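Just data.tsv here, TSV, C-alpha atoms:
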```
chain	number	residue	atom	x	y	z
L	93	MET	CA	0.00	0.00	0.00
L	94	ALA	CA	2.81	2.43	0.82
L	95	ARG	CA	4.43	1.96	-2.60
L	96	PHE	CA	1.12	2.81	-4.29
L	97	LEU	CA	0.88	6.03	-2.30
L	98	LEU	CA	4.45	6.92	-3.20
L	99	LEU	CA	3.32	7.28	-6.83
L	100	TRP	CA	0.84	9.93	-5.69
L	101	VAL	CA	3.62	11.77	-3.89
L	102	HIS	CA	5.83	11.96	-6.98
L	103	GLY	CA	2.92	12.35	-9.42
L	104	PRO	CA	2.89	16.17	-9.43
L	105	TRP	CA	6.62	16.25	-10.23
L	106	ILE	CA	6.10	13.84	-13.11
L	107	ALA	CA	3.26	16.00	-14.44
L	108	ALA	CA	5.39	19.14	-14.02
L	109	SER	CA	8.29	17.65	-15.97
L	110	LEU	CA	5.99	16.60	-18.80
L	111	MET	CA	4.48	20.09	-18.93
L	112	VAL	CA	7.94	21.68	-19.05
L	113	ILE	CA	8.89	19.48	-21.99
L	114	LEU	CA	5.69	20.38	-23.81
L	115	ALA	CA	6.07	24.06	-22.95
L	116	LEU	CA	9.62	24.17	-24.28
L	117	ARG	CA	8.46	22.51	-27.46
L	118	LEU	CA	5.76	25.16	-27.89
L	119	LEU	CA	8.15	28.00	-27.08
L	120	MET	CA	10.65	26.80	-29.70
L	121	ALA	CA	7.97	26.59	-32.39
L	122	GLU	CA	8.15	29.06	-35.22
L	123	ASP	CA	4.46	29.87	-34.88
L	124	PHE	CA	4.33	32.77	-32.41
L	125	SER	CA	0.67	32.12	-31.63
L	126	LEU	CA	1.80	29.01	-29.70
L	127	HIS	CA	4.20	30.92	-27.44
L	128	GLY	CA	1.42	32.13	-25.16
L	129	HIS	CA	0.34	28.55	-24.57
L	130	GLY	CA	3.94	27.63	-23.80
L	131	TRP	CA	4.21	30.31	-21.13
L	132	GLY	CA	0.90	29.17	-19.66
L	133	LEU	CA	2.18	25.61	-19.46
L	134	LEU	CA	5.33	26.81	-17.69
L	135	GLY	CA	3.12	28.49	-15.08
L	136	SER	CA	1.11	25.30	-14.66
L	137	ALA	CA	4.32	23.29	-14.36
L	138	SER	CA	5.56	25.55	-11.56
L	139	ILE	CA	2.27	25.09	-9.71
L	140	CYS	CA	2.53	21.29	-10.07
L	141	PHE	CA	6.13	21.41	-8.87
L	142	SER	CA	5.14	23.35	-5.74
L	143	ILE	CA	2.29	20.89	-5.06
L	144	GLY	CA	4.85	18.09	-5.37
L	145	CYS	CA	7.05	19.84	-2.81
L	146	VAL	CA	4.13	20.06	-0.38
L	147	CYS	CA	3.33	16.37	-0.98
L	148	ILE	CA	6.85	15.18	-0.30
L	149	VAL	CA	7.16	17.29	2.85
L	150	SER	CA	3.84	15.91	4.10
L	151	TRP	CA	4.97	12.37	3.28
L	152	VAL	CA	8.25	12.77	5.18
L	153	LEU	CA	6.55	14.37	8.18
L	154	ALA	CA	4.00	11.54	8.31
L	155	HIS	CA	6.80	8.97	8.31
L	156	LEU	CA	8.69	10.82	11.03
L	157	ASP	CA	5.52	11.03	13.11
L	158	ARG	CA	4.88	7.31	12.62
L	159	ARG	CA	8.46	6.45	13.67
L	160	THR	CA	8.21	8.68	16.73
L	161	ALA	CA	4.91	7.11	17.74
L	162	ALA	CA	6.36	3.62	17.23
L	163	ALA	CA	9.36	4.48	19.41
L	164	ASP	CA	7.12	5.86	22.16
L	165	HIS	CA	4.70	2.91	22.16
L	166	PRO	CA	6.44	-0.24	20.90
L	167	GLN	CA	3.71	-2.54	22.28
L	168	GLU	CA	0.99	-0.85	20.25
L	169	GLN	CA	3.07	-1.21	17.12
L	170	LEU	CA	3.31	-4.98	17.69
L	171	LEU	CA	-0.45	-5.22	18.07
L	172	LEU	CA	-1.02	-3.45	14.76
L	173	LEU	CA	1.14	-5.93	12.88
```
As a first step, turn the structure in this file into structure tokens.
Amino acid sequence: MARFLLLWVHGPWIAASLMVILALRLLMAEDFSLHGHGWGLLGSASICFSIGCVCIVSWVLAHLDRRTAAADHPQEQLLLL
């Protein structure tokens, strides 16, 4: 289950990298009408990147909280297994 959730943590970064690639392709196009769409995609990619940063920080804090709780109450951890 944890590996499945890890995909959701890194998902925004994957989407951001794909949007950057597409945005760069649009920005390098000779048709100037596509440049506005490229800049819009760069903005969307930066938003996805920041969401990915929030996700990874939340993921790490949840794991640290789980480890701290397990160290404080080792008997409860054995019961959950």
task = Can you work out the spacing between atom CA of L:Cys145 and atom CA of L:Leu116 in Å, to one decimal?
result = 22.1 Å
key: Exercise: residues within 10 Å of coordinate (1.7, 12.1, -8.2), counting only C-alpha atoms, as a count of residues only   = 17
request  = Please indicate the distance in Å from atom CA of L:Leu119 to atom CA of L:Phe141, rounded to one decimal place.
outcome  = 19.5 Å
inquiry  = What's the separation between atom CA of L:Ser142 and atom CA of L:Leu118, in Å to one decimal place?
reply    = 22.2 Å
query = In terms of the shortest atom-to-atom distance over all atoms listed in the file, which of L:Trp131, L:Ser136, L:Leu126, L:Thr160 is closest to L:Leu110?
reply =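 When distances to L:Leu110 are compared using all atoms listed in the file, the smallest one comes from L:Ser136.
Between L:Ala137 and the residues L:Ser150, L:Arg159, L:Phe124, L:Ala115, the shortest atom-to-atom distance, using only C-alpha atoms, involves L:Ala115.
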